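Right, one structure below, let's go through it.
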Amino acid sequence: EKQRLEAEKKKALEDDEAANSGVPKPKKKTGKKGDDVSALLTAGLNSKEAKKKPPAKKGPDAAAEAARAKAKADAAKQAERAKAKGIVMEPDDLLKANTNRAYDDDDDNAATGIDDALSMLGVSNKVESKRLKVLYTAFEEKTIAELRADQPGLKLSQYKDRCFALWQKSPENPKNQPP
């Protein structure tokens, strides 16, 4: 039992060391003894190639340069992911100004306040809208009486719908009169 636990601990330590050192752990093959030696040789060659990296610079410039290099690498990775998804961004896309709220003095359809916006929409003021409502109610009373005589048995909502359709075409409607 002790031997099995020690073997598991030893294996776990070897796995941790291999993961931390960056050298892949050679897989043990049963059978030939020469395979173990060749695996160790290849692991040693790979570790020598990994050690041939240029020496890191020291000082405050090195940290800034490392940060820039990391940012470039991250940007490149994001660009590759975006291209894989079909998204292509040009550098100019990031620098374009937002024209959603741009205001031109030459624009005739620009309203800078509530009053200007209402006048653009055609609502001049409350007095005008009240006058229209009074005219419509007078037209409605007169027309519904005529419709009830001509077409008895309809619901009130049907009379009002027909009355409104007649109002849209009526010369009494101020919106139908030429300016």
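Residues are named by chain letter and number: chains run A, B, ... in the order of the structure tokens, numbers start at 1 in each chain, and ligands are numbered from 1 in the order shown.
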
| task | Write out as a ChimeraX atom specification each polymer residue whose atoms come within 12 Å of stretch 175-177 of chain A, counting only C-alpha atoms; drop sequence neighbours fewer than 3 positions from it. | result | /A:122-123,128-129,132,135-136,166-172

Please, could you write that set of residues out with all heavy atoms as a CSV table (one decimal), in the first residue's frame?
```csv
chain,number,residue,atom,x,y,z
A,122,GLY,N,-46.5,70.1,-37.7
A,122,GLY,CA,-47.7,70.7,-38.1
A,122,GLY,C,-48.7,71.0,-37.0
A,122,GLY,O,-49.8,71.4,-37.2
A,123,VAL,N,-48.3,70.8,-35.7
A,123,VAL,CA,-49.1,71.2,-34.6
A,123,VAL,C,-48.6,72.6,-34.2
A,123,VAL,O,-47.6,72.7,-33.6
A,123,VAL,CB,-48.9,70.1,-33.4
A,123,VAL,CG1,-49.7,70.6,-32.3
A,123,VAL,CG2,-49.2,68.8,-33.9
A,128,GLU,N,-55.3,76.0,-31.8
A,128,GLU,CA,-55.6,75.4,-33.1
A,128,GLU,C,-56.2,74.0,-33.0
A,128,GLU,O,-57.2,73.7,-33.6
A,128,GLU,CB,-54.3,75.4,-33.9
A,128,GLU,CG,-54.5,74.8,-35.3
A,128,GLU,CD,-55.3,75.7,-36.2
A,128,GLU,OE1,-55.4,76.9,-36.0
A,128,GLU,OE2,-55.9,75.1,-37.2
A,129,SER,N,-55.6,73.2,-32.1
A,129,SER,CA,-56.0,71.8,-32.0
A,129,SER,C,-57.4,71.8,-31.3
A,129,SER,O,-58.3,70.9,-31.6
A,129,SER,CB,-55.0,70.9,-31.1
A,129,SER,OG,-54.9,71.5,-29.9
A,132,LEU,N,-60.0,72.6,-34.0
A,132,LEU,CA,-60.2,71.4,-34.8
A,132,LEU,C,-61.2,70.4,-34.1
A,132,LEU,O,-62.1,69.9,-34.8
A,132,LEU,CB,-58.9,70.7,-35.2
A,132,LEU,CG,-58.0,71.4,-36.2
A,132,LEU,CD1,-56.7,70.7,-36.4
A,132,LEU,CD2,-58.7,71.5,-37.6
A,135,LEU,N,-64.7,71.7,-34.2
A,135,LEU,CA,-65.3,71.6,-35.5
A,135,LEU,C,-65.7,70.1,-35.8
A,135,LEU,O,-66.8,69.9,-36.4
A,135,LEU,CB,-64.3,72.1,-36.6
A,135,LEU,CG,-64.1,73.6,-36.7
A,135,LEU,CD1,-63.0,73.9,-37.7
A,135,LEU,CD2,-65.4,74.2,-37.2
A,136,TYR,N,-64.8,69.2,-35.4
A,136,TYR,CA,-65.1,67.8,-35.6
A,136,TYR,C,-66.3,67.3,-34.9
A,136,TYR,O,-67.2,66.6,-35.4
A,136,TYR,CB,-63.9,66.9,-35.3
A,136,TYR,CG,-64.2,65.5,-35.5
A,136,TYR,CD1,-64.4,64.9,-36.8
A,136,TYR,CD2,-64.3,64.6,-34.4
A,136,TYR,CE1,-64.6,63.6,-36.9
A,136,TYR,CE2,-64.6,63.3,-34.5
A,136,TYR,CZ,-64.8,62.7,-35.8
A,136,TYR,OH,-65.0,61.4,-36.0
A,166,LEU,N,-65.9,60.3,-43.5
A,166,LEU,CA,-66.5,61.4,-44.2
A,166,LEU,C,-65.8,62.7,-43.8
A,166,LEU,O,-65.6,63.6,-44.7
A,166,LEU,CB,-68.0,61.5,-43.9
A,166,LEU,CG,-68.9,60.4,-44.5
A,166,LEU,CD1,-70.3,60.5,-43.9
A,166,LEU,CD2,-68.9,60.5,-46.0
A,167,TRP,N,-65.3,62.8,-42.6
A,167,TRP,CA,-64.6,64.0,-42.1
A,167,TRP,C,-63.3,64.2,-42.9
A,167,TRP,O,-62.9,65.3,-43.2
A,167,TRP,CB,-64.4,64.0,-40.6
A,167,TRP,CG,-63.5,65.0,-40.0
A,167,TRP,CD1,-62.2,64.9,-39.6
A,167,TRP,CD2,-63.8,66.4,-39.8
A,167,TRP,NE1,-61.7,66.0,-39.2
A,167,TRP,CE2,-62.7,67.0,-39.3
A,167,TRP,CE3,-64.9,67.1,-40.0
A,167,TRP,CZ2,-62.6,68.3,-39.0
A,167,TRP,CZ3,-64.9,68.5,-39.7
A,167,TRP,CH2,-63.8,69.1,-39.2
A,168,GLN,N,-62.6,63.1,-43.2
A,168,GLN,CA,-61.4,63.2,-43.9
A,168,GLN,C,-61.5,63.8,-45.3
A,168,GLN,O,-60.7,64.4,-45.8
A,168,GLN,CB,-60.7,61.8,-44.0
A,168,GLN,CG,-60.3,61.1,-42.7
A,168,GLN,CD,-59.2,61.9,-42.0
A,168,GLN,OE1,-58.4,62.5,-42.7
A,168,GLN,NE2,-59.2,61.8,-40.7
A,169,LYS,N,-62.7,63.5,-45.9
A,169,LYS,CA,-63.0,64.0,-47.2
A,169,LYS,C,-63.8,65.3,-47.3
A,169,LYS,O,-63.9,66.0,-48.3
A,169,LYS,CB,-63.8,63.0,-48.0
A,169,LYS,CG,-63.1,61.6,-48.1
A,169,LYS,CD,-64.0,60.6,-48.8
A,169,LYS,CE,-63.4,59.2,-48.7
A,169,LYS,NZ,-64.3,58.2,-49.2
A,170,SER,N,-64.3,65.7,-46.1
A,170,SER,CA,-65.2,66.9,-46.1
A,170,SER,C,-64.5,68.2,-46.3
A,170,SER,O,-63.4,68.4,-45.9
A,170,SER,CB,-65.9,66.9,-44.7
A,170,SER,OG,-66.6,68.1,-44.5
A,171,PRO,N,-65.2,69.1,-47.0
A,171,PRO,CA,-64.7,70.5,-47.2
A,171,PRO,C,-64.7,71.3,-45.9
A,171,PRO,O,-64.0,72.3,-45.8
A,171,PRO,CB,-65.5,71.1,-48.3
A,171,PRO,CG,-66.8,70.3,-48.3
A,171,PRO,CD,-66.4,68.9,-47.8
A,172,GLU,N,-65.5,70.8,-44.9
A,172,GLU,CA,-65.5,71.5,-43.6
A,172,GLU,C,-64.3,71.3,-42.8
A,172,GLU,O,-64.0,72.1,-41.9
A,172,GLU,CB,-66.7,71.0,-42.8
A,172,GLU,CG,-68.1,71.4,-43.4
A,172,GLU,CD,-69.2,70.8,-42.6
A,172,GLU,OE1,-69.1,70.6,-41.4
A,172,GLU,OE2,-70.3,70.5,-43.2
```

| task | Tell me which protein, DNA and RNA residues are within 12 Å of A:Lys160, counting only C-alpha atoms, leaving out same-chain ones fewer than 2 positions away, and put them as JSON, numbers by chain. | result | {"A": [136, 137, 139, 140, 141, 142, 143, 144, 145, 146, 147, 148, 154, 155, 156, 157, 158, 162, 163, 164, 165, 166, 167]}

Store the residues picked out above, limited to N, CA, C and O atoms, as a PDB file, in the first residue's frame.
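Result saved to part_30.pdb:
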```pdb
ATOM      1  N   TYR A 136     -64.831  69.207 -35.404  1.00  0.00           N
ATOM      2  CA  TYR A 136     -65.116  67.789 -35.650  1.00  0.00           C
ATOM      3  C   TYR A 136     -66.331  67.319 -34.861  1.00  0.00           C
ATOM      4  O   TYR A 136     -67.178  66.586 -35.388  1.00  0.00           O
ATOM      5  N   THR A 137     -66.431  67.716 -33.600  1.00  0.00           N
ATOM      6  CA  THR A 137     -67.582  67.264 -32.804  1.00  0.00           C
ATOM      7  C   THR A 137     -68.889  67.802 -33.378  1.00  0.00           C
ATOM      8  O   THR A 137     -69.900  67.091 -33.395  1.00  0.00           O
ATOM      9  N   PHE A 139     -69.400  68.479 -36.566  1.00  0.00           N
ATOM     10  CA  PHE A 139     -69.599  67.701 -37.789  1.00  0.00           C
ATOM     11  C   PHE A 139     -70.109  66.302 -37.446  1.00  0.00           C
ATOM     12  O   PHE A 139     -71.010  65.777 -38.110  1.00  0.00           O
ATOM     13  N   GLU A 140     -69.539  65.718 -36.373  1.00  0.00           N
ATOM     14  CA  GLU A 140     -69.907  64.368 -35.973  1.00  0.00           C
ATOM     15  C   GLU A 140     -71.382  64.302 -35.545  1.00  0.00           C
ATOM     16  O   GLU A 140     -72.115  63.391 -35.956  1.00  0.00           O
ATOM     17  N   GLU A 141     -71.842  65.268 -34.760  1.00  0.00           N
ATOM     18  CA  GLU A 141     -73.242  65.267 -34.305  1.00  0.00           C
ATOM     19  C   GLU A 141     -74.196  65.334 -35.491  1.00  0.00           C
ATOM     20  O   GLU A 141     -75.188  64.599 -35.552  1.00  0.00           O
ATOM     21  N   LYS A 142     -73.870  66.223 -36.413  1.00  0.00           N
ATOM     22  CA  LYS A 142     -74.730  66.403 -37.581  1.00  0.00           C
ATOM     23  C   LYS A 142     -74.716  65.147 -38.458  1.00  0.00           C
ATOM     24  O   LYS A 142     -75.771  64.663 -38.897  1.00  0.00           O
ATOM     25  N   THR A 143     -73.544  64.583 -38.700  1.00  0.00           N
ATOM     26  CA  THR A 143     -73.399  63.466 -39.628  1.00  0.00           C
ATOM     27  C   THR A 143     -73.952  62.174 -39.045  1.00  0.00           C
ATOM     28  O   THR A 143     -74.573  61.379 -39.766  1.00  0.00           O
ATOM     29  N   ILE A 144     -73.747  61.935 -37.749  1.00  0.00           N
ATOM     30  CA  ILE A 144     -74.253  60.699 -37.147  1.00  0.00           C
ATOM     31  C   ILE A 144     -75.781  60.682 -37.195  1.00  0.00           C
ATOM     32  O   ILE A 144     -76.384  59.635 -37.447  1.00  0.00           O
ATOM     33  N   ALA A 145     -76.390  61.826 -37.015  1.00  0.00           N
ATOM     34  CA  ALA A 145     -77.858  61.877 -37.122  1.00  0.00           C
ATOM     35  C   ALA A 145     -78.304  61.490 -38.525  1.00  0.00           C
ATOM     36  O   ALA A 145     -79.284  60.739 -38.692  1.00  0.00           O
ATOM     37  N   GLU A 146     -77.583  61.977 -39.544  1.00  0.00           N
ATOM     38  CA  GLU A 146     -77.933  61.628 -40.933  1.00  0.00           C
ATOM     39  C   GLU A 146     -77.674  60.142 -41.198  1.00  0.00           C
ATOM     40  O   GLU A 146     -78.471  59.477 -41.874  1.00  0.00           O
ATOM     41  N   LEU A 147     -76.529  59.624 -40.675  1.00  0.00           N
ATOM     42  CA  LEU A 147     -76.200  58.214 -40.915  1.00  0.00           C
ATOM     43  C   LEU A 147     -77.213  57.277 -40.246  1.00  0.00           C
ATOM     44  O   LEU A 147     -77.560  56.236 -40.803  1.00  0.00           O
ATOM     45  N   ARG A 148     -77.718  57.649 -39.058  1.00  0.00           N
ATOM     46  CA  ARG A 148     -78.702  56.814 -38.365  1.00  0.00           C
ATOM     47  C   ARG A 148     -80.007  56.750 -39.158  1.00  0.00           C
ATOM     48  O   ARG A 148     -80.682  55.716 -39.169  1.00  0.00           O
ATOM     49  N   LEU A 154     -76.884  50.057 -37.006  1.00  0.00           N
ATOM     50  CA  LEU A 154     -75.438  49.919 -36.822  1.00  0.00           C
ATOM     51  C   LEU A 154     -75.061  50.241 -35.379  1.00  0.00           C
ATOM     52  O   LEU A 154     -75.808  50.892 -34.655  1.00  0.00           O
ATOM     53  N   LYS A 155     -73.887  49.794 -34.981  1.00  0.00           N
ATOM     54  CA  LYS A 155     -73.375  50.128 -33.660  1.00  0.00           C
ATOM     55  C   LYS A 155     -72.833  51.548 -33.684  1.00  0.00           C
ATOM     56  O   LYS A 155     -72.504  52.094 -34.743  1.00  0.00           O
ATOM     57  N   LEU A 156     -72.703  52.144 -32.498  1.00  0.00           N
ATOM     58  CA  LEU A 156     -72.192  53.515 -32.400  1.00  0.00           C
ATOM     59  C   LEU A 156     -70.767  53.618 -32.953  1.00  0.00           C
ATOM     60  O   LEU A 156     -70.427  54.593 -33.627  1.00  0.00           O
ATOM     61  N   SER A 157     -69.942  52.604 -32.685  1.00  0.00           N
ATOM     62  CA  SER A 157     -68.561  52.645 -33.182  1.00  0.00           C
ATOM     63  C   SER A 157     -68.538  52.623 -34.714  1.00  0.00           C
ATOM     64  O   SER A 157     -67.689  53.273 -35.336  1.00  0.00           O
ATOM     65  N   GLN A 158     -69.485  51.916 -35.331  1.00  0.00           N
ATOM     66  CA  GLN A 158     -69.550  51.886 -36.793  1.00  0.00           C
ATOM     67  C   GLN A 158     -69.970  53.248 -37.335  1.00  0.00           C
ATOM     68  O   GLN A 158     -69.435  53.720 -38.346  1.00  0.00           O
ATOM     69  N   ARG A 162     -67.556  55.643 -39.786  1.00  0.00           N
ATOM     70  CA  ARG A 162     -68.019  56.187 -41.068  1.00  0.00           C
ATOM     71  C   ARG A 162     -68.005  57.720 -41.039  1.00  0.00           C
ATOM     72  O   ARG A 162     -67.693  58.358 -42.031  1.00  0.00           O
ATOM     73  N   CYS A 163     -68.331  58.276 -39.884  1.00  0.00           N
ATOM     74  CA  CYS A 163     -68.314  59.729 -39.736  1.00  0.00           C
ATOM     75  C   CYS A 163     -66.884  60.256 -39.895  1.00  0.00           C
ATOM     76  O   CYS A 163     -66.657  61.270 -40.559  1.00  0.00           O
ATOM     77  N   PHE A 164     -65.919  59.569 -39.323  1.00  0.00           N
ATOM     78  CA  PHE A 164     -64.526  60.004 -39.431  1.00  0.00           C
ATOM     79  C   PHE A 164     -64.040  59.909 -40.877  1.00  0.00           C
ATOM     80  O   PHE A 164     -63.322  60.786 -41.367  1.00  0.00           O
ATOM     81  N   ALA A 165     -64.446  58.852 -41.593  1.00  0.00           N
ATOM     82  CA  ALA A 165     -64.067  58.723 -42.999  1.00  0.00           C
ATOM     83  C   ALA A 165     -64.649  59.881 -43.812  1.00  0.00           C
ATOM     84  O   ALA A 165     -63.974  60.430 -44.703  1.00  0.00           O
ATOM     85  N   LEU A 166     -65.892  60.265 -43.510  1.00  0.00           N
ATOM     86  CA  LEU A 166     -66.498  61.407 -44.199  1.00  0.00           C
ATOM     87  C   LEU A 166     -65.786  62.718 -43.830  1.00  0.00           C
ATOM     88  O   LEU A 166     -65.636  63.614 -44.662  1.00  0.00           O
ATOM     89  N   TRP A 167     -65.341  62.848 -42.569  1.00  0.00           N
ATOM     90  CA  TRP A 167     -64.622  64.044 -42.107  1.00  0.00           C
ATOM     91  C   TRP A 167     -63.309  64.213 -42.875  1.00  0.00           C
ATOM     92  O   TRP A 167     -62.916  65.324 -43.194  1.00  0.00           O
TER      93      TRP A 167
END
```

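Straight-line separation from atom CA of A:Asn98 to atom CA of A:Ala73: 28.8 Å.
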
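Coordinates place atom CA of A:Ala75 at a distance of 28.2 Å from atom CA of A:Asn100.
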
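Going from atom CA of A:Ala67 over to atom CA of A:Glu17, you cover 27.9 Å.
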